[in-house]
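A.B. asks: Below is the file input00.cif, with mmCIF, C-alpha atoms, pLDDT in the B column; chains and numbers go by the auth columns.
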```cif
data_start
loop_
_atom_site.group_PDB
_atom_site.id
_atom_site.type_symbol
_atom_site.label_atom_id
_atom_site.label_comp_id
_atom_site.label_asym_id
_atom_site.label_seq_id
_atom_site.Cartn_x
_atom_site.Cartn_y
_atom_site.Cartn_z
_atom_site.B_iso_or_equiv
_atom_site.auth_seq_id
_atom_site.auth_asym_id
ATOM 1 C CA MET A 1 -0.551 -10.998 -38.258 41.00 1 A
ATOM 2 C CA LEU A 2 0.569 -8.990 -35.244 43.00 2 A
ATOM 3 C CA GLN A 3 -3.018 -8.390 -34.141 44.00 3 A
ATOM 4 C CA THR A 4 -3.722 -12.118 -34.079 43.00 4 A
ATOM 5 C CA ALA A 5 -0.480 -13.040 -32.356 41.00 5 A
ATOM 6 C CA LEU A 6 -0.914 -10.425 -29.668 43.00 6 A
ATOM 7 C CA GLN A 7 -4.655 -10.692 -29.094 43.00 7 A
ATOM 8 C CA ALA A 8 -5.212 -10.896 -25.350 41.00 8 A
ATOM 9 C CA PRO A 9 -8.198 -12.669 -23.841 42.00 9 A
ATOM 10 C CA ALA A 10 -11.408 -10.636 -23.967 38.00 10 A
ATOM 11 C CA SER A 11 -11.590 -10.625 -20.203 40.00 11 A
ATOM 12 C CA LEU A 12 -8.420 -8.533 -20.029 44.00 12 A
ATOM 13 C CA ILE A 13 -9.036 -4.812 -19.547 48.00 13 A
ATOM 14 C CA PRO A 14 -8.212 -3.502 -23.066 53.00 14 A
ATOM 15 C CA TRP A 15 -6.654 -0.168 -22.087 47.00 15 A
ATOM 16 C CA LEU A 16 -4.254 -1.926 -19.722 49.00 16 A
ATOM 17 C CA ASP A 17 -3.045 -4.378 -22.380 54.00 17 A
ATOM 18 C CA PRO A 18 0.417 -3.269 -23.630 54.00 18 A
ATOM 19 C CA ALA A 19 -0.046 -5.098 -26.937 56.00 19 A
ATOM 20 C CA ASN A 20 -3.353 -3.307 -27.559 58.00 20 A
ATOM 21 C CA ILE A 21 -1.781 0.008 -26.605 56.00 21 A
ATOM 22 C CA ILE A 22 1.106 -0.423 -29.027 57.00 22 A
ATOM 23 C CA GLU A 23 -0.917 -1.976 -31.848 57.00 23 A
ATOM 24 C CA GLY A 24 -3.791 0.506 -31.602 54.00 24 A
ATOM 25 C CA ALA A 25 -1.524 3.552 -31.595 52.00 25 A
ATOM 26 C CA GLY A 26 -0.150 2.778 -35.061 54.00 26 A
ATOM 27 C CA SER A 27 2.509 5.276 -36.113 62.00 27 A
ATOM 28 C CA TRP A 28 2.045 7.052 -32.778 73.00 28 A
ATOM 29 C CA ALA A 29 2.895 3.906 -30.820 77.00 29 A
ATOM 30 C CA LEU A 30 6.252 5.077 -29.481 86.00 30 A
ATOM 31 C CA ALA A 31 4.824 8.475 -28.535 87.00 31 A
ATOM 32 C CA VAL A 32 2.021 6.745 -26.610 81.00 32 A
ATOM 33 C CA VAL A 33 4.483 4.463 -24.828 83.00 33 A
ATOM 34 C CA CYS A 34 6.659 7.447 -23.900 89.00 34 A
ATOM 35 C CA PHE A 35 3.641 9.364 -22.584 87.00 35 A
ATOM 36 C CA ILE A 36 2.580 6.430 -20.405 83.00 36 A
ATOM 37 C CA VAL A 37 6.119 6.125 -19.033 88.00 37 A
ATOM 38 C CA PHE A 38 6.134 9.879 -18.395 90.00 38 A
ATOM 39 C CA ALA A 39 2.754 9.720 -16.651 85.00 39 A
ATOM 40 C CA GLU A 40 3.905 6.987 -14.272 81.00 40 A
ATOM 41 C CA THR A 41 6.088 9.488 -12.429 82.00 41 A
ATOM 42 C CA GLY A 42 4.884 12.828 -13.795 80.00 42 A
ATOM 43 C CA LEU A 43 1.206 12.494 -12.870 78.00 43 A
ATOM 44 C CA LEU A 44 -0.297 11.461 -9.538 73.00 44 A
ATOM 45 C CA VAL A 45 -2.600 8.884 -11.168 67.00 45 A
ATOM 46 C CA GLY A 46 0.215 7.185 -13.086 60.00 46 A
ATOM 47 C CA PHE A 47 0.192 4.109 -10.857 58.00 47 A
ATOM 48 C CA LEU A 48 -2.847 2.875 -12.813 57.00 48 A
ATOM 49 C CA LEU A 49 -0.696 2.382 -15.911 61.00 49 A
ATOM 50 C CA PRO A 50 1.192 -0.824 -16.931 61.00 50 A
ATOM 51 C CA GLY A 51 4.720 0.610 -16.970 66.00 51 A
ATOM 52 C CA ASP A 52 7.002 -2.365 -16.288 76.00 52 A
ATOM 53 C CA THR A 53 5.225 -4.762 -18.628 76.00 53 A
ATOM 54 C CA LEU A 54 4.890 -2.108 -21.328 79.00 54 A
ATOM 55 C CA LEU A 55 8.663 -1.536 -21.359 87.00 55 A
ATOM 56 C CA VAL A 56 9.554 -5.205 -21.712 84.00 56 A
ATOM 57 C CA ILE A 57 6.901 -5.761 -24.386 81.00 57 A
ATOM 58 C CA SER A 58 8.124 -2.678 -26.278 84.00 58 A
ATOM 59 C CA GLY A 59 11.647 -4.073 -26.381 89.00 59 A
ATOM 60 C CA LEU A 60 10.442 -7.522 -27.379 85.00 60 A
ATOM 61 C CA LEU A 61 8.259 -6.212 -30.226 80.00 61 A
ATOM 62 C CA THR A 62 11.068 -3.968 -31.450 85.00 62 A
ATOM 63 C CA HIS A 63 13.100 -7.145 -32.006 85.00 63 A
ATOM 64 C CA THR A 64 10.431 -9.493 -33.342 78.00 64 A
ATOM 65 C CA ASN A 65 8.173 -7.093 -35.267 73.00 65 A
ATOM 66 C CA ASP A 66 10.092 -3.799 -35.596 79.00 66 A
ATOM 67 C CA ILE A 67 6.888 -2.286 -34.231 77.00 67 A
ATOM 68 C CA PHE A 68 8.255 1.266 -33.978 84.00 68 A
ATOM 69 C CA GLY A 69 10.380 1.228 -37.134 84.00 69 A
ATOM 70 C CA LEU A 70 13.380 2.484 -35.145 89.00 70 A
ATOM 71 C CA ASN A 71 16.639 1.058 -33.841 91.00 71 A
ATOM 72 C CA ILE A 72 16.362 -0.394 -30.329 94.00 72 A
ATOM 73 C CA TRP A 73 18.923 2.115 -29.045 96.00 73 A
ATOM 74 C CA VAL A 74 16.740 5.004 -30.186 95.00 74 A
ATOM 75 C CA VAL A 75 13.611 3.381 -28.720 94.00 75 A
ATOM 76 C CA SER A 76 15.288 2.694 -25.379 95.00 76 A
ATOM 77 C CA LEU A 77 16.832 6.162 -25.171 96.00 77 A
ATOM 78 C CA LEU A 78 13.521 7.890 -25.899 96.00 78 A
ATOM 79 C CA ILE A 79 11.701 5.797 -23.320 95.00 79 A
ATOM 80 C CA GLY A 80 14.456 6.457 -20.787 95.00 80 A
ATOM 81 C CA LEU A 81 14.209 10.193 -21.559 96.00 81 A
ATOM 82 C CA ALA A 82 10.441 10.093 -21.003 95.00 82 A
ATOM 83 C CA ALA A 83 11.018 8.428 -17.639 94.00 83 A
ATOM 84 C CA PHE A 84 13.547 11.099 -16.659 97.00 84 A
ATOM 85 C CA VAL A 85 11.321 14.000 -17.733 96.00 85 A
ATOM 86 C CA GLY A 86 8.374 12.457 -15.885 94.00 86 A
ATOM 87 C CA GLY A 87 10.434 12.304 -12.718 94.00 87 A
ATOM 88 C CA GLU A 88 11.479 15.937 -13.127 96.00 88 A
ATOM 89 C CA VAL A 89 7.880 17.070 -13.631 95.00 89 A
ATOM 90 C CA GLY A 90 6.741 15.106 -10.574 93.00 90 A
ATOM 91 C CA TYR A 91 9.460 16.775 -8.514 95.00 91 A
ATOM 92 C CA LEU A 92 8.493 20.205 -9.856 94.00 92 A
ATOM 93 C CA ILE A 93 4.837 19.625 -8.946 92.00 93 A
ATOM 94 C CA GLY A 94 5.812 18.777 -5.391 91.00 94 A
ATOM 95 C CA HIS A 95 8.380 21.566 -5.105 92.00 95 A
ATOM 96 C CA LYS A 96 6.067 24.285 -6.399 91.00 96 A
ATOM 97 C CA GLY A 97 2.848 22.983 -4.859 86.00 97 A
ATOM 98 C CA GLY A 98 4.315 22.092 -1.476 86.00 98 A
ATOM 99 C CA PRO A 99 2.284 20.066 1.041 84.00 99 A
ATOM 100 C CA ALA A 100 -0.886 21.491 -0.542 83.00 100 A
ATOM 101 C CA VAL A 101 -0.669 18.804 -3.258 82.00 101 A
ATOM 102 C CA PHE A 102 -1.638 16.291 -0.562 80.00 102 A
ATOM 103 C CA GLU A 103 -4.715 18.270 0.522 73.00 103 A
ATOM 104 C CA ARG A 104 -7.527 16.227 -0.945 68.00 104 A
ATOM 105 C CA LYS A 105 -10.282 13.803 -0.094 64.00 105 A
ATOM 106 C CA GLU A 106 -9.520 10.126 0.355 61.00 106 A
ATOM 107 C CA SER A 107 -10.574 8.088 -2.677 58.00 107 A
ATOM 108 C CA GLY A 108 -9.603 5.071 -4.700 55.00 108 A
ATOM 109 C CA LEU A 109 -7.247 7.261 -6.725 61.00 109 A
ATOM 110 C CA PHE A 110 -5.671 9.161 -3.856 65.00 110 A
ATOM 111 C CA SER A 111 -4.879 7.713 -0.477 70.00 111 A
ATOM 112 C CA ARG A 112 -2.895 9.179 2.360 77.00 112 A
ATOM 113 C CA LYS A 113 -1.528 5.666 2.856 78.00 113 A
ATOM 114 C CA ASN A 114 0.155 5.829 -0.559 80.00 114 A
ATOM 115 C CA VAL A 115 2.046 8.910 0.547 85.00 115 A
ATOM 116 C CA GLU A 116 2.884 7.343 3.906 84.00 116 A
ATOM 117 C CA ARG A 117 4.111 4.197 2.141 87.00 117 A
ATOM 118 C CA THR A 118 6.361 6.322 -0.046 89.00 118 A
ATOM 119 C CA ASN A 119 7.628 8.253 2.970 90.00 119 A
ATOM 120 C CA ALA A 120 8.473 4.949 4.644 90.00 120 A
ATOM 121 C CA PHE A 121 10.708 4.103 1.667 90.00 121 A
ATOM 122 C CA PHE A 122 12.511 7.410 2.093 92.00 122 A
ATOM 123 C CA GLU A 123 12.892 6.818 5.834 89.00 123 A
ATOM 124 C CA ARG A 124 14.572 3.493 5.121 90.00 124 A
ATOM 125 C CA PHE A 125 16.549 4.122 1.928 91.00 125 A
ATOM 126 C CA GLY A 126 17.107 7.888 1.968 91.00 126 A
ATOM 127 C CA GLY A 127 17.767 9.532 -1.391 90.00 127 A
ATOM 128 C CA LEU A 128 18.315 6.122 -3.029 92.00 128 A
ATOM 129 C CA THR A 129 14.526 5.772 -2.917 92.00 129 A
ATOM 130 C CA ILE A 130 14.404 7.794 -6.140 94.00 130 A
ATOM 131 C CA ILE A 131 16.321 4.990 -7.881 94.00 131 A
ATOM 132 C CA LEU A 132 14.698 2.028 -6.134 92.00 132 A
ATOM 133 C CA ALA A 133 11.170 3.430 -6.461 89.00 133 A
ATOM 134 C CA ARG A 134 11.319 3.031 -10.234 91.00 134 A
ATOM 135 C CA PHE A 135 10.798 -0.697 -9.718 89.00 135 A
ATOM 136 C CA VAL A 136 8.011 -0.361 -7.126 85.00 136 A
ATOM 137 C CA PRO A 137 4.509 0.461 -8.450 78.00 137 A
ATOM 138 C CA ILE A 138 2.668 3.264 -6.629 80.00 138 A
ATOM 139 C CA VAL A 139 5.860 4.330 -4.843 85.00 139 A
ATOM 140 C CA ARG A 140 7.450 5.402 -8.147 86.00 140 A
ATOM 141 C CA THR A 141 4.422 7.631 -8.759 86.00 141 A
ATOM 142 C CA PHE A 142 4.557 9.421 -5.413 89.00 142 A
ATOM 143 C CA ALA A 143 8.321 9.484 -4.776 92.00 143 A
ATOM 144 C CA PRO A 144 9.137 12.423 -7.106 93.00 144 A
ATOM 145 C CA VAL A 145 6.312 14.495 -5.624 91.00 145 A
ATOM 146 C CA ALA A 146 7.325 13.634 -2.053 92.00 146 A
ATOM 147 C CA ALA A 147 10.923 14.580 -2.851 93.00 147 A
ATOM 148 C CA GLY A 148 9.763 17.898 -4.286 93.00 148 A
ATOM 149 C CA VAL A 149 7.495 18.673 -1.339 92.00 149 A
ATOM 150 C CA GLY A 150 10.371 17.915 1.036 92.00 150 A
ATOM 151 C CA HIS A 151 12.715 20.120 -1.039 92.00 151 A
ATOM 152 C CA MET A 152 15.270 17.417 -1.698 93.00 152 A
ATOM 153 C CA PRO A 153 18.265 19.199 -3.298 93.00 153 A
ATOM 154 C CA TRP A 154 17.429 19.373 -6.982 94.00 154 A
ATOM 155 C CA LYS A 155 20.877 18.415 -8.302 94.00 155 A
ATOM 156 C CA ARG A 156 21.007 15.359 -6.039 94.00 156 A
ATOM 157 C CA TYR A 157 17.454 14.416 -6.984 95.00 157 A
ATOM 158 C CA SER A 158 18.105 14.792 -10.708 96.00 158 A
ATOM 159 C CA LEU A 159 21.196 12.598 -10.512 96.00 159 A
ATOM 160 C CA PHE A 160 19.242 9.805 -8.823 96.00 160 A
ATOM 161 C CA ASN A 161 16.325 10.392 -11.196 96.00 161 A
ATOM 162 C CA LEU A 162 18.651 10.011 -14.186 97.00 162 A
ATOM 163 C CA ILE A 163 20.129 6.785 -12.826 96.00 163 A
ATOM 164 C CA GLY A 164 16.668 5.398 -12.102 95.00 164 A
ATOM 165 C CA ALA A 165 15.364 6.374 -15.524 95.00 165 A
ATOM 166 C CA VAL A 166 18.302 4.667 -17.243 96.00 166 A
ATOM 167 C CA LEU A 167 18.004 1.468 -15.182 95.00 167 A
ATOM 168 C CA TRP A 168 14.218 1.288 -15.474 94.00 168 A
ATOM 169 C CA GLY A 169 13.183 2.972 -18.724 93.00 169 A
ATOM 170 C CA PHE A 170 16.225 2.194 -20.850 95.00 170 A
ATOM 171 C CA GLY A 171 17.131 -1.019 -19.015 95.00 171 A
ATOM 172 C CA LEU A 172 13.787 -2.845 -19.074 93.00 172 A
ATOM 173 C CA THR A 173 13.198 -1.931 -22.713 93.00 173 A
ATOM 174 C CA MET A 174 16.621 -3.226 -23.687 95.00 174 A
ATOM 175 C CA MET A 175 16.047 -6.340 -21.579 93.00 175 A
ATOM 176 C CA GLY A 176 12.882 -7.096 -23.546 90.00 176 A
ATOM 177 C CA TYR A 177 14.864 -6.738 -26.771 92.00 177 A
ATOM 178 C CA LEU A 178 17.681 -9.009 -25.572 92.00 178 A
ATOM 179 C CA ILE A 179 15.249 -11.669 -24.361 87.00 179 A
ATOM 180 C CA ALA A 180 14.225 -12.190 -27.984 85.00 180 A
ATOM 181 C CA TYR A 181 17.774 -13.381 -28.763 88.00 181 A
ATOM 182 C CA ILE A 182 17.183 -16.497 -26.678 85.00 182 A
ATOM 183 C CA PRO A 183 15.386 -18.855 -29.099 83.00 183 A
ATOM 184 C CA TRP A 184 13.347 -20.872 -26.628 81.00 184 A
ATOM 185 C CA ILE A 185 12.241 -17.772 -24.722 76.00 185 A
ATOM 186 C CA ARG A 186 11.405 -15.927 -27.941 75.00 186 A
ATOM 187 C CA ASP A 187 9.389 -18.888 -29.238 79.00 187 A
ATOM 188 C CA LEU A 188 7.683 -19.301 -25.872 77.00 188 A
ATOM 189 C CA VAL A 189 6.720 -15.629 -25.725 70.00 189 A
ATOM 190 C CA VAL A 190 5.465 -15.595 -29.308 69.00 190 A
ATOM 191 C CA GLU A 191 3.408 -18.734 -28.805 75.00 191 A
ATOM 192 C CA TYR A 192 1.969 -17.854 -25.399 72.00 192 A
ATOM 193 C CA ILE A 193 1.888 -14.062 -25.624 63.00 193 A
ATOM 194 C CA ASP A 194 -1.807 -13.961 -24.723 64.00 194 A
ATOM 195 C CA LEU A 195 -1.301 -16.024 -21.565 69.00 195 A
ATOM 196 C CA ILE A 196 1.779 -14.023 -20.582 62.00 196 A
ATOM 197 C CA LEU A 197 -0.124 -10.783 -21.016 56.00 197 A
ATOM 198 C CA LEU A 198 -3.022 -12.157 -19.013 63.00 198 A
ATOM 199 C CA LEU A 199 -0.763 -13.133 -16.134 63.00 199 A
ATOM 200 C CA ALA A 200 1.430 -10.021 -16.227 56.00 200 A
ATOM 201 C CA VAL A 201 -0.984 -7.267 -17.168 56.00 201 A
ATOM 202 C CA GLY A 202 -4.131 -8.980 -15.909 63.00 202 A
ATOM 203 C CA GLY A 203 -2.430 -9.502 -12.581 61.00 203 A
ATOM 204 C CA THR A 204 -1.467 -5.830 -12.488 58.00 204 A
ATOM 205 C CA ALA A 205 -5.016 -4.829 -13.384 64.00 205 A
ATOM 206 C CA VAL A 206 -6.486 -7.024 -10.659 72.00 206 A
ATOM 207 C CA LEU A 207 -4.099 -5.681 -8.027 65.00 207 A
ATOM 208 C CA THR A 208 -4.761 -2.094 -9.127 64.00 208 A
ATOM 209 C CA LEU A 209 -8.522 -2.638 -9.050 71.00 209 A
ATOM 210 C CA TRP A 210 -8.270 -4.336 -5.659 75.00 210 A
ATOM 211 C CA HIS A 211 -6.231 -1.436 -4.313 66.00 211 A
ATOM 212 C CA TYR A 212 -8.726 1.073 -5.683 68.00 212 A
ATOM 213 C CA LEU A 213 -11.767 -0.723 -4.271 76.00 213 A
ATOM 214 C CA VAL A 214 -10.167 -1.324 -0.861 74.00 214 A
ATOM 215 C CA GLU A 215 -9.123 2.309 -0.489 69.00 215 A
ATOM 216 C CA ARG A 216 -12.508 3.522 -1.703 70.00 216 A
ATOM 217 C CA HIS A 217 -14.308 1.184 0.721 74.00 217 A
ATOM 218 C CA ARG A 218 -12.150 2.349 3.613 70.00 218 A
ATOM 219 C CA ALA A 219 -12.816 5.982 2.775 67.00 219 A
ATOM 220 C CA LYS A 220 -16.574 5.423 2.588 73.00 220 A
ATOM 221 C CA LYS A 221 -16.577 3.391 5.796 75.00 221 A
ATOM 222 C CA ALA A 222 -14.575 6.059 7.612 65.00 222 A
ATOM 223 C CA ALA A 223 -16.865 8.808 6.316 67.00 223 A
ATOM 224 C CA ALA A 224 -19.955 6.853 7.428 73.00 224 A
ATOM 225 C CA ALA A 225 -18.427 6.488 10.888 72.00 225 A
ATOM 226 C CA GLY A 226 -18.001 10.239 11.087 69.00 226 A
ATOM 227 C CA GLU A 227 -14.229 10.171 10.649 65.00 227 A
ATOM 228 C CA ASP A 228 -12.339 12.884 8.822 61.00 228 A
ATOM 229 C CA VAL A 229 -11.493 11.600 5.343 60.00 229 A
ATOM 230 C CA ASP A 230 -10.063 14.865 4.091 67.00 230 A
ATOM 231 C CA THR A 231 -6.361 15.610 4.319 68.00 231 A
ATOM 232 C CA ASP A 232 -6.358 19.212 5.506 66.00 232 A
ATOM 233 C CA ALA A 233 -3.463 21.673 5.528 74.00 233 A
ATOM 234 C CA ALA A 234 -2.114 20.545 8.890 76.00 234 A
ATOM 235 C CA GLU A 235 -2.259 16.859 7.956 77.00 235 A
ATOM 236 C CA ALA A 236 -0.692 17.565 4.577 77.00 236 A
ATOM 237 C CA GLN A 237 2.122 19.420 6.322 83.00 237 A
ATOM 238 C CA SER A 238 2.773 16.353 8.467 82.00 238 A
ATOM 239 C CA LEU A 239 3.330 14.328 5.295 82.00 239 A
ATOM 240 C CA ARG A 240 6.216 16.562 4.313 88.00 240 A
ATOM 241 C CA LEU A 241 9.535 14.754 4.744 87.00 241 A
ATOM 242 C CA ASN A 242 12.327 16.235 6.823 86.00 242 A
ATOM 243 C CA PRO A 243 15.151 17.290 4.446 86.00 243 A
ATOM 244 C CA GLU A 244 17.672 15.276 6.482 87.00 244 A
ATOM 245 C CA VAL A 245 15.967 12.089 5.287 87.00 245 A
ATOM 246 C CA PHE A 246 17.335 12.623 1.781 90.00 246 A
ATOM 247 C CA ASP A 247 20.937 12.522 3.031 86.00 247 A
ATOM 248 C CA ARG A 248 20.395 9.437 5.149 82.00 248 A
ATOM 249 C CA ALA A 249 22.396 6.291 4.388 81.00 249 A
ATOM 250 C CA PRO A 250 20.178 3.369 3.331 83.00 250 A
ATOM 251 C CA ASP A 251 19.088 0.657 5.737 73.00 251 A
ATOM 252 C CA LEU A 252 19.579 -2.220 3.315 73.00 252 A
ATOM 253 C CA ASP A 253 19.135 -5.078 5.799 70.00 253 A
ATOM 254 C CA GLY A 254 16.040 -3.577 7.437 69.00 254 A
ATOM 255 C CA ASP A 255 17.392 -3.766 10.984 69.00 255 A
ATOM 256 C CA GLY A 256 16.604 -0.135 11.708 69.00 256 A
ATOM 257 C CA THR A 257 20.181 1.127 11.519 71.00 257 A
ATOM 258 C CA HIS A 258 21.651 3.224 8.676 65.00 258 A
#
```
Can you turn what I pasted into structure tokens?
C.D. replies:
Amino acid sequence: MLQTALQAPASLIPWLDPANIIEGAGSWALAVVCFIVFAETGLLVGFLLPGDTLLVISGLLTHTNDIFGLNIWVVSLLIGLAAFVGGEVGYLIGHKGGPAVFERKESGLFSRKNVERTNAFFERFGGLTIILARFVPIVRTFAPVAAGVGHMPWKRYSLFNLIGAVLWGFGLTMMGYLIAYIPWIRDLVVEYIDLILLLAVGGTAVLTLWHYLVERHRAKKAAAAGEDVDTDAAEAQSLRLNPEVFDRAPDLDGDGTH
């Protein structure tokens, strides 16, 4: 049975387990997967979700268990579409909300450092960040919003967003499907799916929890020391990227030159 084969260890956080997500959703499984993919870049709390692993597992289960009851091309295209729409919504939130979307209190869910980390990607890679960010947790959540706040040209953004969505959403799902064609990998995954999920998703959960607790501790410590832990209008404005950043050539070797 699928439930038995995909049962993750009890210690694994259930709602972060891709197998539990897919199995528990039943006939709504693909819709749930697409929503999670959408939320990763369409909602500011999407970095808590297991996007990368969920895509690969979705492709794998489409091959081995026909979990969605649809052709892999349809599954991959729908997931890629969800990734694209999520990126567009994230951009729209930033574009319409402006720097005000960053005006909030420091917490485990929101951290000014997350925005600054995303801005650093833009400073180094320019507009290509929209593509590269798809493969970088946290950054892929904040990049669309940062691009919108900075008023990156919409047509240019959407082109990069489409490329990123195809490479990440469509690509990782298809990769999971193709992996199942390799007998020893397929057999290994089927036999040790629980351990793989523990290492992949459990590792993600631990890192996410660690990030949350560290940021929350820092915020509390700063507040106790009398520091300002609120990002006000002026500070939020400073987080807005200069439009010229989006046209900058990437610094691929990291030597500071573009």
A.B. asks: Report, in Å to a single decimal, how far apart CA of Val115 (chain A) and CA of Gly169 (chain A) are.
C.D. replies: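 These two atoms are separated by 23.0 Å.
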A.B. asks: Grab the CA of Leu61 (chain A) to CA of Ile182 (chain A) distance for me, in Å with one decimal place.
C.D. replies: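 Separation between CA of Leu61 (chain A) and CA of Ile182 (chain A): 14.1 Å.
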A.B. asks: Please enumerate the residues selected by the PyMOL selection byres ((chain A and resi 101) around 12) when evaluated against the supplied file, formatted as a PDB file with C-alpha atoms, in the frame of the given file.
C.D. replies:
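Once written, expr_5.pdb looks like this:
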```pdb
ATOM      1  CA  LEU A  43       1.206  12.494 -12.870  1.00 78.00           C
ATOM      2  CA  LEU A  44      -0.297  11.461  -9.538  1.00 73.00           C
ATOM      3  CA  GLY A  90       6.741  15.106 -10.574  1.00 93.00           C
ATOM      4  CA  TYR A  91       9.460  16.775  -8.514  1.00 95.00           C
ATOM      5  CA  LEU A  92       8.493  20.205  -9.856  1.00 94.00           C
ATOM      6  CA  ILE A  93       4.837  19.625  -8.946  1.00 92.00           C
ATOM      7  CA  GLY A  94       5.812  18.777  -5.391  1.00 91.00           C
ATOM      8  CA  HIS A  95       8.380  21.566  -5.105  1.00 92.00           C
ATOM      9  CA  LYS A  96       6.067  24.285  -6.399  1.00 91.00           C
ATOM     10  CA  GLY A  97       2.848  22.983  -4.859  1.00 86.00           C
ATOM     11  CA  GLY A  98       4.315  22.092  -1.476  1.00 86.00           C
ATOM     12  CA  PRO A  99       2.284  20.066   1.041  1.00 84.00           C
ATOM     13  CA  ALA A 100      -0.886  21.491  -0.542  1.00 83.00           C
ATOM     14  CA  PHE A 102      -1.638  16.291  -0.562  1.00 80.00           C
ATOM     15  CA  GLU A 103      -4.715  18.270   0.522  1.00 73.00           C
ATOM     16  CA  ARG A 104      -7.527  16.227  -0.945  1.00 68.00           C
ATOM     17  CA  LYS A 105     -10.282  13.803  -0.094  1.00 64.00           C
ATOM     18  CA  PHE A 110      -5.671   9.161  -3.856  1.00 65.00           C
ATOM     19  CA  ARG A 112      -2.895   9.179   2.360  1.00 77.00           C
ATOM     20  CA  VAL A 115       2.046   8.910   0.547  1.00 85.00           C
ATOM     21  CA  PHE A 142       4.557   9.421  -5.413  1.00 89.00           C
ATOM     22  CA  VAL A 145       6.312  14.495  -5.624  1.00 91.00           C
ATOM     23  CA  ALA A 146       7.325  13.634  -2.053  1.00 92.00           C
ATOM     24  CA  GLY A 148       9.763  17.898  -4.286  1.00 93.00           C
ATOM     25  CA  VAL A 149       7.495  18.673  -1.339  1.00 92.00           C
ATOM     26  CA  GLY A 150      10.371  17.915   1.036  1.00 92.00           C
ATOM     27  CA  THR A 231      -6.361  15.610   4.319  1.00 68.00           C
ATOM     28  CA  ASP A 232      -6.358  19.212   5.506  1.00 66.00           C
ATOM     29  CA  ALA A 233      -3.463  21.673   5.528  1.00 74.00           C
ATOM     30  CA  GLU A 235      -2.259  16.859   7.956  1.00 77.00           C
ATOM     31  CA  ALA A 236      -0.692  17.565   4.577  1.00 77.00           C
ATOM     32  CA  GLN A 237       2.122  19.420   6.322  1.00 83.00           C
ATOM     33  CA  LEU A 239       3.330  14.328   5.295  1.00 82.00           C
ATOM     34  CA  ARG A 240       6.216  16.562   4.313  1.00 88.00           C
TER      35      ARG A 240
END
```
A.B. asks: Would you please work out which residue, of A:Val206, A:Tyr177, A:Ala234, A:Arg216, is nearest to His63 (chain A) when using all atoms listed in the file?
C.D. replies: A:Tyr177
A.B. asks: Applying 12 Å and all atoms listed in the file, which residues near Arg134 (chain A) remain after dropping the ones on its own chain fewer than 4 positions away? List them as an NGL selection string.
C.D. replies: :A and (37-38 or 40-41 or 47 or 51-52 or 80 or 83-84 or 86-87 or 118 or 121 or 128-130 or 138-144 or 160-172)
A.B. asks: Selection from above, C-alpha atoms, as a short mmCIF file (atom, residue, chain, number, x, y, z; two decimals), in the frame of the given file, can you write it?
C.D. replies:
```cif
data_model
loop_
_atom_site.label_atom_id
_atom_site.label_comp_id
_atom_site.auth_asym_id
_atom_site.auth_seq_id
_atom_site.Cartn_x
_atom_site.Cartn_y
_atom_site.Cartn_z
CA VAL A 37 6.12 6.12 -19.03
CA PHE A 38 6.13 9.88 -18.40
CA GLU A 40 3.90 6.99 -14.27
CA THR A 41 6.09 9.49 -12.43
CA PHE A 47 0.19 4.11 -10.86
CA GLY A 51 4.72 0.61 -16.97
CA ASP A 52 7.00 -2.37 -16.29
CA GLY A 80 14.46 6.46 -20.79
CA ALA A 83 11.02 8.43 -17.64
CA PHE A 84 13.55 11.10 -16.66
CA GLY A 86 8.37 12.46 -15.88
CA GLY A 87 10.43 12.30 -12.72
CA THR A 118 6.36 6.32 -0.05
CA PHE A 121 10.71 4.10 1.67
CA LEU A 128 18.32 6.12 -3.03
CA THR A 129 14.53 5.77 -2.92
CA ILE A 130 14.40 7.79 -6.14
CA ILE A 138 2.67 3.26 -6.63
CA VAL A 139 5.86 4.33 -4.84
CA ARG A 140 7.45 5.40 -8.15
CA THR A 141 4.42 7.63 -8.76
CA PHE A 142 4.56 9.42 -5.41
CA ALA A 143 8.32 9.48 -4.78
CA PRO A 144 9.14 12.42 -7.11
CA PHE A 160 19.24 9.80 -8.82
CA ASN A 161 16.32 10.39 -11.20
CA LEU A 162 18.65 10.01 -14.19
CA ILE A 163 20.13 6.78 -12.83
CA GLY A 164 16.67 5.40 -12.10
CA ALA A 165 15.36 6.37 -15.52
CA VAL A 166 18.30 4.67 -17.24
CA LEU A 167 18.00 1.47 -15.18
CA TRP A 168 14.22 1.29 -15.47
CA GLY A 169 13.18 2.97 -18.72
CA PHE A 170 16.23 2.19 -20.85
CA GLY A 171 17.13 -1.02 -19.02
CA LEU A 172 13.79 -2.84 -19.07
#
```
A.B. asks: Using Å and a single decimal, report how far CA of Pro243 (chain A) sits from CA of His151 (chain A).
C.D. replies: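 Interatomic distance, CA of His151 (chain A) to CA of Pro243 (chain A): 6.6 Å.
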